[in-house]
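Participant: Just so it is clear, I am handing over query.csv, which has CSV, C-alpha atoms.
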chain,number,residue,atom,x,y,z
A,124,GLY,CA,-43.5,14.5,76.3
A,125,VAL,CA,-44.1,11.1,78.1
A,126,ALA,CA,-47.6,9.6,78.1
A,127,PRO,CA,-48.1,7.8,81.4
A,128,TYR,CA,-50.1,4.6,81.5
A,129,HIS,CA,-51.3,5.3,85.1
A,130,TYR,CA,-51.2,8.8,86.6
A,131,TRP,CA,-52.3,10.2,90.0
A,132,ASP,CA,-52.5,13.9,90.6
A,133,PHE,CA,-53.2,14.2,94.4
A,134,ILE,CA,-53.1,17.9,94.4
A,135,ASN,CA,-55.9,18.3,91.9
A,136,ASN,CA,-57.6,14.9,92.7
A,137,ARG,CA,-57.4,13.6,89.1
A,138,ALA,CA,-56.3,10.2,87.8
A,139,LEU,CA,-55.6,8.3,84.6
A,140,PHE,CA,-55.8,4.5,84.6
A,141,ALA,CA,-54.7,2.6,81.5
A,142,GLN,CA,-54.5,6.1,79.9
A,143,ALA,CA,-58.3,6.7,80.5
A,144,ASP,CA,-59.5,9.6,82.7
A,145,VAL,CA,-61.3,8.0,85.7
A,146,GLY,CA,-61.9,11.3,87.6
A,147,GLY,CA,-60.9,11.5,91.2
A,148,VAL,CA,-58.0,9.4,92.5
A,149,ALA,CA,-60.2,7.1,94.5
A,150,ASN,CA,-62.0,6.0,91.3
A,151,THR,CA,-58.8,4.2,90.2
A,152,PRO,CA,-59.6,0.5,89.7
A,153,GLY,CA,-58.0,-1.6,92.4
A,154,TRP,CA,-57.8,1.4,94.7
A,155,SER,CA,-57.4,0.6,98.4
A,156,PHE,CA,-56.8,3.1,101.3
A,157,THR,CA,-56.9,2.4,105.0
A,158,ARG,CA,-56.2,4.4,108.2
A,159,ALA,CA,-58.3,3.3,111.1
A,160,SER,CA,-58.1,6.7,112.9
A,161,ALA,CA,-58.6,10.4,112.4
A,162,GLY,CA,-55.7,12.6,111.5
A,163,TYR,CA,-54.5,16.1,110.4
A,164,ALA,CA,-52.6,17.3,107.3
A,165,GLU,CA,-51.3,20.8,106.3
A,166,THR,CA,-52.3,23.0,103.4
A,167,ALA,CA,-49.7,24.9,101.4
A,168,ALA,CA,-50.7,28.0,103.4
A,169,GLY,CA,-49.8,26.2,106.7
A,170,VAL,CA,-53.3,25.6,108.0
A,171,LEU,CA,-54.0,22.2,109.6
A,172,VAL,CA,-57.0,20.3,108.2
A,173,PRO,CA,-58.7,17.4,110.1
A,174,PHE,CA,-59.6,14.2,108.4
A,175,ALA,CA,-61.9,11.4,109.5
A,176,SER,CA,-60.9,7.8,110.0
A,177,GLY,CA,-60.4,6.1,106.7
A,178,GLU,CA,-60.3,9.4,104.8
A,179,LEU,CA,-57.4,10.1,102.5
A,180,ARG,CA,-55.4,13.1,103.9
A,181,ARG,CA,-55.3,15.1,100.7
A,182,THR,CA,-54.7,18.8,100.6
A,183,ASP,CA,-53.1,21.2,98.0
A,184,LYS,CA,-49.7,19.8,99.2
A,185,GLY,CA,-50.7,16.3,98.0
A,186,VAL,CA,-51.6,13.2,100.0
A,187,LEU,CA,-49.9,12.8,103.5
A,188,ILE,CA,-48.6,9.3,104.1
A,189,GLU,CA,-47.3,8.4,107.6
A,190,GLY,CA,-46.6,5.4,109.8
A,191,ALA,CA,-48.5,4.7,113.0
A,192,ARG,CA,-47.9,6.9,116.0
A,193,THR,CA,-49.3,7.5,119.5
A,194,ASN,CA,-49.7,10.8,121.4
A,195,LEU,CA,-49.0,10.1,125.1
A,196,CYS,CA,-49.8,13.6,126.2
A,197,LEU,CA,-53.3,14.0,127.6
A,198,GLN,CA,-55.6,17.0,127.1
A,199,SER,CA,-53.3,18.0,124.3
A,200,GLN,CA,-55.0,21.3,123.6
A,201,THR,CA,-56.8,22.0,127.0
A,202,LEU,CA,-54.2,23.3,129.4
A,203,GLY,CA,-56.6,24.0,132.2
A,204,THR,CA,-57.2,20.3,132.9
A,205,THR,CA,-54.6,17.6,133.4
A,206,TRP,CA,-51.8,20.2,133.2
A,207,SER,CA,-50.1,21.8,136.2
A,208,VAL,CA,-49.7,25.6,136.0
A,209,THR,CA,-46.8,27.3,137.9
A,210,ARG,CA,-46.6,31.0,138.4
A,211,ALA,CA,-49.0,31.5,135.5
A,212,SER,CA,-52.7,31.4,134.6
A,213,ILE,CA,-54.6,29.9,131.6
A,214,SER,CA,-56.9,31.9,129.5
A,215,ALA,CA,-58.9,29.2,127.7
A,216,ASP,CA,-59.8,29.4,124.0
A,217,ALA,CA,-58.1,32.8,123.7
A,218,THR,CA,-57.3,32.7,119.9
A,219,ALA,CA,-57.7,30.7,116.8
A,220,ALA,CA,-55.6,27.5,116.7
A,221,PRO,CA,-53.6,26.2,113.7
A,222,ASP,CA,-56.7,24.4,112.5
A,223,GLY,CA,-58.8,27.6,112.6
A,224,THR,CA,-60.9,26.6,115.6
A,225,LEU,CA,-61.1,28.8,118.7
A,226,THR,CA,-59.3,26.3,120.9
A,227,ALA,CA,-55.8,27.7,121.6
A,228,ASP,CA,-55.1,28.7,125.2
A,229,LYS,CA,-53.0,31.5,126.4
A,230,VAL,CA,-50.4,31.0,129.1
A,231,VAL,CA,-50.2,34.3,131.1
A,232,GLU,CA,-47.2,34.9,133.4
A,233,ASP,CA,-47.8,36.1,137.0
A,234,ASN,CA,-45.8,38.9,138.6
A,235,THR,CA,-43.5,36.8,140.7
A,236,ALA,CA,-40.0,38.3,140.8
A,237,THR,CA,-37.3,36.5,139.0
A,238,ASN,CA,-38.7,33.0,138.4
A,239,THR,CA,-40.2,30.8,135.7
A,240,HIS,CA,-43.7,30.8,134.4
A,241,ARG,CA,-44.8,27.5,132.9
A,242,VAL,CA,-47.3,24.7,132.3
A,243,GLN,CA,-46.4,21.1,132.6
A,244,GLN,CA,-47.7,17.5,132.5
A,245,SER,CA,-46.4,14.3,134.1
A,246,ILE,CA,-46.2,11.5,131.5
A,247,THR,CA,-44.7,8.1,132.4
A,248,VAL,CA,-42.0,7.0,129.9
A,249,VAL,CA,-39.8,4.0,129.3
A,250,THR,CA,-36.1,4.3,130.1
A,251,ALA,CA,-33.5,4.1,127.3
A,252,THR,CA,-36.1,5.1,124.7
A,253,VAL,CA,-36.1,8.0,122.2
A,254,TYR,CA,-39.0,10.4,122.6
A,255,THR,CA,-40.0,13.6,120.8
A,256,TRP,CA,-41.8,16.4,122.6
A,257,SER,CA,-43.6,18.9,120.4
A,258,VAL,CA,-46.1,21.8,120.8
A,259,TYR,CA,-47.6,24.6,118.7
A,260,VAL,CA,-46.8,28.0,120.1
A,261,LYS,CA,-47.6,31.6,118.9
A,262,ALA,CA,-46.2,34.9,120.3
A,263,ALA,CA,-48.5,37.2,122.2
A,264,GLU,CA,-46.9,39.9,124.4
A,265,ARG,CA,-43.9,37.6,124.8
A,266,GLY,CA,-41.9,36.6,121.7
A,267,PHE,CA,-39.9,33.7,123.2
A,268,CYS,CA,-40.6,30.2,124.5
A,269,THR,CA,-38.8,27.3,126.0
A,270,ILE,CA,-40.0,23.7,125.7
A,271,GLN,CA,-38.4,21.1,128.0
A,272,PHE,CA,-38.7,17.4,128.7
A,273,THR,CA,-37.3,15.6,131.8
A,274,ASP,CA,-37.4,12.0,132.7
A,275,GLY,CA,-36.5,12.4,136.4
A,276,THR,CA,-32.8,11.9,135.6
A,277,ASN,CA,-32.0,13.8,132.4
A,278,THR,CA,-33.4,17.1,131.2
A,279,GLY,CA,-33.5,18.4,127.6
A,280,PHE,CA,-34.6,21.9,126.6
A,281,ALA,CA,-34.6,24.4,123.7
A,282,TYR,CA,-35.4,28.1,123.5
A,283,PHE,CA,-37.2,29.5,120.4
A,284,ASN,CA,-37.7,32.9,119.0
A,285,LEU,CA,-41.4,33.1,118.1
A,286,SER,CA,-40.8,35.8,115.5
A,287,THR,CA,-38.2,34.0,113.4
A,288,GLY,CA,-38.3,30.4,114.6
A,289,ALA,CA,-34.6,30.6,115.4
A,290,VAL,CA,-33.4,28.1,118.0
A,291,GLY,CA,-31.6,29.7,121.0
A,292,SER,CA,-30.0,27.9,123.9
A,293,THR,CA,-30.3,24.1,124.0
A,294,SER,CA,-29.2,21.3,126.3
A,295,GLY,CA,-29.6,17.6,126.4
A,296,VAL,CA,-31.4,17.2,123.1
A,297,SER,CA,-30.3,15.4,120.0
A,298,ALA,CA,-32.5,17.5,117.7
A,299,THR,CA,-34.7,20.6,117.7
A,300,ALA,CA,-37.0,22.0,115.0
A,301,ALA,CA,-39.2,25.0,114.4
A,302,VAL,CA,-41.8,24.6,111.6
A,303,GLN,CA,-43.8,27.7,110.6
A,304,LEU,CA,-47.5,27.5,110.0
A,305,ALA,CA,-50.1,30.1,109.1
A,306,ASN,CA,-51.1,33.1,111.3
A,307,GLY,CA,-47.9,33.3,113.4
A,308,TRP,CA,-47.9,29.7,114.7
A,309,TRP,CA,-44.8,27.6,115.0
A,310,ARG,CA,-44.5,23.9,115.8
A,311,LEU,CA,-41.6,23.4,118.2
A,312,SER,CA,-40.0,20.1,119.0
A,313,LEU,CA,-37.1,18.4,120.7
A,314,THR,CA,-35.9,14.8,120.8
A,315,MET,CA,-34.0,13.1,123.6
A,316,THR,CA,-33.2,9.6,124.9
A,317,THR,CA,-34.6,8.8,128.4
A,318,ALA,CA,-32.6,7.6,131.4
A,319,GLY,CA,-35.5,7.5,133.8
A,320,THR,CA,-39.3,6.9,133.7
A,321,ALA,CA,-40.7,10.0,135.5
A,322,GLY,CA,-41.5,12.0,132.3
A,323,LEU,CA,-42.5,15.7,132.5
A,324,GLY,CA,-43.3,17.8,129.5
A,325,GLN,CA,-43.1,21.5,130.0
A,326,VAL,CA,-43.7,24.8,128.2
A,327,PHE,CA,-42.2,28.0,129.5
A,328,VAL,CA,-43.0,31.6,128.7
A,329,ALA,CA,-39.6,33.3,128.0
A,330,ASN,CA,-38.4,36.8,127.5
A,331,SER,CA,-35.2,36.0,125.5
A,332,SER,CA,-33.5,33.2,123.6
A,333,THR,CA,-31.4,32.3,126.7
A,334,THR,CA,-33.6,32.9,129.8
A,335,ASN,CA,-37.1,32.1,131.1
A,336,SER,CA,-36.6,33.3,134.6
A,337,TYR,CA,-37.7,36.9,135.0
A,338,THR,CA,-40.2,39.2,136.7
A,339,GLY,CA,-43.6,38.8,135.1
A,340,ASP,CA,-46.3,41.5,134.8
A,341,ALA,CA,-49.4,39.3,135.2
A,342,VAL,CA,-50.6,40.3,131.7
A,343,SER,CA,-48.1,39.0,129.1
A,344,GLY,CA,-47.9,35.5,127.7
A,345,ILE,CA,-47.9,33.2,124.7
A,346,TYR,CA,-50.5,31.0,123.0
A,347,VAL,CA,-50.1,27.2,123.3
A,348,TRP,CA,-51.9,24.4,121.5
A,349,GLY,CA,-51.5,20.8,120.4
A,350,ALA,CA,-48.9,19.2,122.7
A,351,GLN,CA,-47.6,15.8,121.7
A,352,LEU,CA,-45.2,13.2,123.1
A,353,GLU,CA,-44.2,10.3,120.8
A,354,ALA,CA,-41.9,7.4,121.3
A,355,ALA,CA,-39.9,8.3,118.2
A,356,ALA,CA,-36.9,10.2,116.9
A,357,PHE,CA,-39.0,12.9,115.0
A,358,PRO,CA,-42.4,14.4,115.3
A,359,SER,CA,-45.3,13.2,113.1
A,360,SER,CA,-48.5,15.1,112.4
A,361,TYR,CA,-50.7,16.2,115.3
A,362,ILE,CA,-52.8,13.7,117.2
A,363,PRO,CA,-55.5,15.3,119.4
A,364,THR,CA,-56.1,13.8,122.8
A,365,THR,CA,-58.5,14.3,125.7
A,366,THR,CA,-58.6,11.9,128.8
A,367,ALA,CA,-56.5,9.2,127.2
A,368,SER,CA,-53.6,8.7,124.9
A,369,VAL,CA,-54.6,8.3,121.2
A,370,ALA,CA,-53.0,6.2,118.5
A,371,ARG,CA,-53.1,7.1,114.8
A,372,ALA,CA,-52.9,4.2,112.4
A,373,ALA,CA,-50.6,4.1,109.4
A,374,ASP,CA,-51.8,5.4,106.1
A,375,VAL,CA,-51.8,2.4,103.7
A,376,LEU,CA,-52.4,3.2,100.0
A,377,THR,CA,-52.2,0.6,97.2
A,378,VAL,CA,-53.6,-0.1,93.8
A,379,SER,CA,-54.0,-3.8,92.8
A,380,SER,CA,-53.8,-5.3,89.3
A,381,PRO,CA,-52.2,-2.4,87.6
A,382,GLY,CA,-51.7,-4.4,84.4
A,383,VAL,CA,-48.2,-3.2,83.6
A,384,ASN,CA,-45.1,-5.2,82.7
A,385,TYR,CA,-41.4,-4.7,82.6
A,386,PRO,CA,-39.6,-2.8,81.2
A,387,LEU,CA,-41.3,0.3,82.8
A,388,GLY,CA,-40.7,3.7,84.4
A,389,LEU,CA,-41.8,5.1,87.7
A,390,PHE,CA,-42.3,8.8,88.4
A,391,ALA,CA,-43.1,10.6,91.7
A,392,GLU,CA,-43.2,14.1,92.9
A,393,ALA,CA,-43.0,14.3,96.7
A,394,GLU,CA,-42.3,16.6,99.7
A,395,ARG,CA,-40.6,15.5,102.9
A,396,ALA,CA,-42.3,16.8,106.1
A,397,VAL,CA,-39.6,15.7,108.4
A,398,ASP,CA,-36.2,13.9,108.4
A,399,THR,CA,-36.9,10.4,109.7
A,400,GLY,CA,-33.2,9.6,109.9
A,401,SER,CA,-33.9,6.4,108.0
A,402,TYR,CA,-35.1,5.2,104.6
A,403,GLU,CA,-38.2,7.1,103.3
A,404,ASN,CA,-40.1,5.2,100.7
A,405,ILE,CA,-42.1,7.1,98.1
A,406,LEU,CA,-43.4,4.8,95.3
A,407,GLY,CA,-43.0,1.1,94.4
A,408,VAL,CA,-44.4,-1.7,92.3
A,409,ASP,CA,-44.2,-5.3,93.3
A,410,ASP,CA,-45.8,-8.8,93.0
A,411,GLY,CA,-47.6,-8.5,96.3
A,412,THR,CA,-44.4,-9.4,98.2
A,413,ASN,CA,-41.1,-7.7,99.0
A,414,SER,CA,-39.2,-10.3,96.9
A,415,ASN,CA,-39.9,-8.9,93.5
A,416,ARG,CA,-40.2,-5.1,93.5
A,417,THR,CA,-38.9,-1.8,92.2
A,418,LEU,CA,-38.8,1.2,94.6
A,419,LEU,CA,-38.2,4.9,94.6
A,420,PHE,CA,-37.0,6.2,98.0
A,421,LEU,CA,-34.8,8.5,100.0
A,422,ASP,CA,-31.7,6.9,101.4
A,423,THR,CA,-30.1,7.6,104.8
A,424,SER,CA,-28.2,10.5,103.2
A,425,ASP,CA,-31.5,12.0,102.2
A,426,GLN,CA,-30.7,11.4,98.5
A,427,VAL,CA,-33.4,10.1,96.0
A,428,ALA,CA,-32.5,6.5,95.2
A,429,ALA,CA,-33.9,3.5,93.5
A,430,SER,CA,-33.7,-0.2,94.3
A,431,ALA,CA,-35.0,-3.5,92.9
A,432,ARG,CA,-35.2,-7.1,93.9
A,433,THR,CA,-35.6,-10.2,91.8
A,434,ALA,CA,-36.6,-13.3,93.7
A,435,THR,CA,-35.2,-11.6,96.9
A,436,VAL,CA,-31.9,-10.8,95.2
A,437,GLU,CA,-31.0,-7.1,95.4
A,438,GLN,CA,-30.5,-6.0,91.8
A,439,LEU,CA,-29.6,-2.3,92.2
A,440,ASN,CA,-29.4,0.5,94.7
A,441,ILE,CA,-28.5,3.7,92.9
A,442,PRO,CA,-28.8,7.3,94.3
A,443,VAL,CA,-28.7,10.7,92.7
A,444,THR,CA,-26.1,12.8,94.5
A,445,GLY,CA,-27.5,15.7,96.6
A,446,ALA,CA,-29.7,15.7,99.7
A,447,VAL,CA,-33.4,16.6,99.4
A,448,ALA,CA,-34.4,19.4,101.7
A,449,ILE,CA,-37.4,19.3,104.1
A,450,GLY,CA,-40.5,21.0,102.6
A,451,ALA,CA,-39.0,21.0,99.0
A,452,ALA,CA,-41.1,19.4,96.3
A,453,THR,CA,-38.8,16.9,94.4
A,454,LYS,CA,-39.5,15.1,91.1
A,455,SER,CA,-37.8,11.8,90.5
A,456,ALA,CA,-38.1,8.9,88.0
A,457,ILE,CA,-36.5,5.6,87.2
A,458,ARG,CA,-36.1,3.4,84.1
A,459,MET,CA,-36.1,-0.4,84.8
A,460,ASP,CA,-35.0,-2.4,81.8
A,461,THR,CA,-32.8,-5.5,81.5
A,462,ASN,CA,-29.2,-4.5,82.2
A,463,ASN,CA,-30.3,-0.9,81.9
A,464,ALA,CA,-31.5,0.9,85.0
A,465,ILE,CA,-31.0,4.6,85.9
A,466,ILE,CA,-32.7,7.2,88.0
A,467,ALA,CA,-33.2,11.0,87.6
A,468,ARG,CA,-33.9,13.7,90.1
A,469,GLY,CA,-34.4,17.4,89.3
A,470,GLY,CA,-33.0,16.9,85.8
A,471,THR,CA,-29.9,15.1,87.0
A,472,LEU,CA,-29.1,11.4,86.1
A,473,SER,CA,-27.5,8.8,88.4
A,474,ALA,CA,-24.9,6.3,87.3
A,475,LEU,CA,-26.2,3.6,84.9
A,476,ASP,CA,-26.6,0.1,86.3
A,477,SER,CA,-26.0,-2.3,83.4
A,478,THR,CA,-26.3,-5.6,85.3
A,479,VAL,CA,-30.0,-5.6,86.2
A,480,THR,CA,-32.2,-8.7,86.0
A,481,LEU,CA,-35.9,-7.6,86.0
A,482,PRO,CA,-38.3,-8.7,88.8
A,483,ALA,CA,-41.4,-10.6,88.1
A,484,ASN,CA,-44.1,-8.4,86.6
A,485,PRO,CA,-45.9,-6.3,89.2
A,486,THR,CA,-49.4,-6.9,90.5
A,487,ARG,CA,-49.5,-4.0,92.9
A,488,VAL,CA,-48.6,-0.3,93.2
A,489,THR,CA,-47.6,0.9,96.7
A,490,PHE,CA,-47.5,4.5,97.8
A,491,SER,CA,-44.8,5.0,100.5
A,492,PRO,CA,-44.7,1.3,101.5
A,493,SER,CA,-43.2,0.5,105.0
A,494,GLN,CA,-40.6,2.9,106.3
A,495,GLU,CA,-43.0,5.6,105.2
A,496,LEU,CA,-42.1,8.9,103.8
A,497,PHE,CA,-43.8,10.9,106.6
A,498,GLY,CA,-44.5,13.5,103.9
A,499,TYR,CA,-46.7,14.4,100.9
A,500,ILE,CA,-46.9,12.6,97.6
A,501,ARG,CA,-48.0,15.2,95.1
A,502,ARG,CA,-48.1,13.2,91.9
A,503,ALA,CA,-47.1,9.7,90.7
A,504,ALA,CA,-47.1,7.8,87.5
A,505,ILE,CA,-46.4,4.4,85.9
A,506,ILE,CA,-44.9,4.5,82.4
A,507,ASN,CA,-45.4,1.2,80.6
A,508,PHE,CA,-42.2,1.3,78.6
A,509,ALA,CA,-38.5,2.2,79.3
A,510,PRO,CA,-38.2,6.0,79.1
A,511,SER,CA,-35.0,7.4,77.6
A,512,ASN,CA,-32.4,9.4,79.5
A,513,ALA,CA,-33.7,12.5,77.8
A,514,GLN,CA,-37.3,11.7,78.9
A,515,LEU,CA,-36.3,11.0,82.5
A,516,THR,CA,-34.4,14.3,82.6
A,517,ALA,CA,-37.2,16.3,81.2
A,518,MET,CA,-40.0,14.8,83.4
A,519,THR,CA,-38.0,15.5,86.6
A,520,ILE,CA,-37.2,19.2,86.0
Reformat the file's structure so that it appears as structure tokens.
Facilitator:
Amino acid sequence: GVAPYHYWDFINNRALFAQADVGGVANTPGWSFTRASAGYAETAAGVLVPFASGELRRTDKGVLIEGARTNLCLQSQTLGTTWSVTRASISADATAAPDGTLTADKVVEDNTATNTHRVQQSITVVTATVYTWSVYVKAAERGFCTIQFTDGTNTGFAYFNLSTGAVGSTSGVSATAAVQLANGWWRLSLTMTTAGTAGLGQVFVANSSTTNSYTGDAVSGIYVWGAQLEAAAFPSSYIPTTTASVARAADVLTVSSPGVNYPLGLFAEAERAVDTGSYENILGVDDGTNSNRTLLFLDTSDQVAASARTATVEQLNIPVTGAVAIGAATKSAIRMDTNNAIIARGGTLSALDSTVTLPANPTRVTFSPSQELFGYIRRAAIINFAPSNAQLTAMTI
């Protein structure tokens, strides 16, 4: 029941600008998108899709927006090269990878009695730094896997059930995750803080959720693809490498000269891909600076919240109670009017802020500005009036 002034549907690649249909989202006047590197995004079915440098990573999940990252692991999907293989062998290009290409290798255990069967790569790291080690793994004859990272002083590991994604035994890691993709693939990750510099990323074939030392049969194994080491507290989307580390630039999406004034409303539907452990910005409008802006974001408690600044003075910071789950599409909206600001999420309203001074009128729309969402924006809208409580509730259900 609310007619937006500007509207972007990233799932279906349609946009309205000044209430006129402009076709695809990139046809929006004032549109600007940059990412000076290639990248991947997921479909709703869990298939990875590659995108060229400067290409918006838009799938049926929405548009993926992430900050810059670097994959320090070399030959990330070619295990028979830079990697060391211990009591195992590599069957190259043995099955389809998460992106559908025939590039996933199989790690096959040997028949050594009561020992481990693994692949590993030495990667120099910086001490007292948080790193995340991740890899895509799929069951073959073996249905369990261990991923491990050591820095020469400390070691962290986690076991995974490749049928259910359940995490088994762990040690020395501050976080673990198993994310399911299409065709039986899981993305496994662990995060740890280094105490040394002699990094070693490892993937073990395992025969249970607690042990990877056993007698092999020289036939059984697991499929492995897309290894990644990032200097960060959570995994970002996959960055392929060959003979050198590869950096992925940040996704920067803005619309200039939106021609809207306060009072106004903002609406966004978004999906978190990971928990960054920090603020996760979704949608904002500003005057080209951070001094006058209104922002929809997720706070450090994973709640949808809104904030505003007027001439650098913080005007409000109000959340809607309740954490947003990873992978859940969430609709939120804010009303910004003089002494009358409120936010809705999933049909629930926050407390009213009745002491708001409005910022200078915006000259820019920003999608996931700084402290990026690391997730998918499905739809977004600017409403060129102050929507009522009933309208905010209805549009976020």
Participant: For region 320-364 of chain A against region 264-281 of chain A, with a cut-off of 6 Å and counting only C-alpha atoms, what is the closest atom pair and its distance in Å to one decimal for every residue that makes the cut, ordered by chain and number, as a tab-separated table?
Facilitator:
residue	atom	partner	partner_atom	distance
A:Thr320	CA	A:Asp274	CA	5.5
A:Ala321	CA	A:Asp274	CA	4.8
A:Gly322	CA	A:Asp274	CA	4.1
A:Leu323	CA	A:Thr273	CA	5.2
A:Gly324	CA	A:Phe272	CA	4.7
A:Gln325	CA	A:Gln271	CA	5.1
A:Val326	CA	A:Ile270	CA	4.6
A:Phe327	CA	A:Thr269	CA	4.9
A:Val328	CA	A:Cys268	CA	5.0
A:Ala329	CA	A:Cys268	CA	4.8
A:Asn330	CA	A:Phe267	CA	5.5
A:Ser331	CA	A:Phe267	CA	5.7
A:Ser343	CA	A:Glu264	CA	4.9
A:Gly344	CA	A:Arg265	CA	5.4
A:Ile345	CA	A:Arg265	CA	5.9
Participant: Which residues, written as a list in words, have at least one atom at most 7 Å from Ile505 (chain A), with only C-alpha atoms counted and residues fewer than 5 positions away on the same chain left out?
Facilitator: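 Once the nearby chain positions are removed, what remains is Pro127, Tyr128, His129, Tyr130, Gly388, Leu389 and Phe390 of chain A.
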Participant: Rank nothing, just name the residue among A:Val125, A:Thr364, A:Thr166, A:Thr486 nearest to Ala456 (chain A), using all atoms listed in the file.
Facilitator: A:Val125
Participant: Record the distance separating CA of Val253 (chain A) and CA of Gln198 (chain A), expressed in Å with one decimal.
Facilitator: 22.0 Å
Participant: Env of Ser332 (chain A): 7 Å cut, atoms = all atoms listed in the file, seq-sep filter 5 positions within chain, self excluded. Answer as a ChimeraX atom specification.
Facilitator: /A:267,282-284,291-292
Participant: Taking only C-alpha atoms into account, name the residue in A:Glu165, A:Asp374, A:Asp132, A:Asp340 that is nearest to Ile500 (chain A).
Facilitator: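 For Ile500 (chain A), the nearest of the candidates is A:Asp132.
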Participant: Given all atoms listed in the file as the basis, pick out the residue of A:Leu171, A:Ala301, A:Ile188, A:Ala215 nearest to Gly498 (chain A).
Facilitator: A:Ile188
Participant: Could you please determine the separation between CA of Glu392 (chain A) and CA of Phe357 (chain A) in Å, to one decimal place?
Facilitator: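 Answer for the CA of Glu392 (chain A) to CA of Phe357 (chain A) separation: 22.5 Å.
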Participant: Between CA of Thr224 (chain A) and CA of Ala211 (chain A), what distance in Å does the model show, to one decimal?
Facilitator: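 Taking CA of Thr224 (chain A) and CA of Ala211 (chain A), their separation equals 23.7 Å.
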Participant: Could you check the closest approach to Val347 (chain A) for each of A:Ala262, A:Ile362, A:Ala509, A:Leu304 and tell me which residue wins, using all atoms listed in the file?
Facilitator: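 When distances to Val347 (chain A) are compared using all atoms listed in the file, the smallest one comes from A:Ala262.
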Participant: With only C-alpha atoms as the counted atoms, please give the residues lying no more than 12 Å from region 151-159 of chain A, apart from itself and same-chain residues fewer than 2 positions off, as a PyMOL selection string.
Facilitator: chain A and resi 129-132+136-149+161-162+174-180+186-192+369-382+486-490
Participant: Quick one: write out the picked residues with C-alpha atoms as an mmCIF file, keeping the file's coordinate frame?
Facilitator:
data_model
loop_
_atom_site.group_PDB
_atom_site.id
_atom_site.type_symbol
_atom_site.label_atom_id
_atom_site.label_comp_id
_atom_site.auth_asym_id
_atom_site.auth_seq_id
_atom_site.Cartn_x
_atom_site.Cartn_y
_atom_site.Cartn_z
ATOM 1 C CA HIS A 129 -51.300 5.300 85.100
ATOM 2 C CA TYR A 130 -51.200 8.800 86.600
ATOM 3 C CA TRP A 131 -52.300 10.200 90.000
ATOM 4 C CA ASP A 132 -52.500 13.900 90.600
ATOM 5 C CA ASN A 136 -57.600 14.900 92.700
ATOM 6 C CA ARG A 137 -57.400 13.600 89.100
ATOM 7 C CA ALA A 138 -56.300 10.200 87.800
ATOM 8 C CA LEU A 139 -55.600 8.300 84.600
ATOM 9 C CA PHE A 140 -55.800 4.500 84.600
ATOM 10 C CA ALA A 141 -54.700 2.600 81.500
ATOM 11 C CA GLN A 142 -54.500 6.100 79.900
ATOM 12 C CA ALA A 143 -58.300 6.700 80.500
ATOM 13 C CA ASP A 144 -59.500 9.600 82.700
ATOM 14 C CA VAL A 145 -61.300 8.000 85.700
ATOM 15 C CA GLY A 146 -61.900 11.300 87.600
ATOM 16 C CA GLY A 147 -60.900 11.500 91.200
ATOM 17 C CA VAL A 148 -58.000 9.400 92.500
ATOM 18 C CA ALA A 149 -60.200 7.100 94.500
ATOM 19 C CA ALA A 161 -58.600 10.400 112.400
ATOM 20 C CA GLY A 162 -55.700 12.600 111.500
ATOM 21 C CA PHE A 174 -59.600 14.200 108.400
ATOM 22 C CA ALA A 175 -61.900 11.400 109.500
ATOM 23 C CA SER A 176 -60.900 7.800 110.000
ATOM 24 C CA GLY A 177 -60.400 6.100 106.700
ATOM 25 C CA GLU A 178 -60.300 9.400 104.800
ATOM 26 C CA LEU A 179 -57.400 10.100 102.500
ATOM 27 C CA ARG A 180 -55.400 13.100 103.900
ATOM 28 C CA VAL A 186 -51.600 13.200 100.000
ATOM 29 C CA LEU A 187 -49.900 12.800 103.500
ATOM 30 C CA ILE A 188 -48.600 9.300 104.100
ATOM 31 C CA GLU A 189 -47.300 8.400 107.600
ATOM 32 C CA GLY A 190 -46.600 5.400 109.800
ATOM 33 C CA ALA A 191 -48.500 4.700 113.000
ATOM 34 C CA ARG A 192 -47.900 6.900 116.000
ATOM 35 C CA VAL A 369 -54.600 8.300 121.200
ATOM 36 C CA ALA A 370 -53.000 6.200 118.500
ATOM 37 C CA ARG A 371 -53.100 7.100 114.800
ATOM 38 C CA ALA A 372 -52.900 4.200 112.400
ATOM 39 C CA ALA A 373 -50.600 4.100 109.400
ATOM 40 C CA ASP A 374 -51.800 5.400 106.100
ATOM 41 C CA VAL A 375 -51.800 2.400 103.700
ATOM 42 C CA LEU A 376 -52.400 3.200 100.000
ATOM 43 C CA THR A 377 -52.200 0.600 97.200
ATOM 44 C CA VAL A 378 -53.600 -0.100 93.800
ATOM 45 C CA SER A 379 -54.000 -3.800 92.800
ATOM 46 C CA SER A 380 -53.800 -5.300 89.300
ATOM 47 C CA PRO A 381 -52.200 -2.400 87.600
ATOM 48 C CA GLY A 382 -51.700 -4.400 84.400
ATOM 49 C CA THR A 486 -49.400 -6.900 90.500
ATOM 50 C CA ARG A 487 -49.500 -4.000 92.900
ATOM 51 C CA VAL A 488 -48.600 -0.300 93.200
ATOM 52 C CA THR A 489 -47.600 0.900 96.700
ATOM 53 C CA PHE A 490 -47.500 4.500 97.800
#
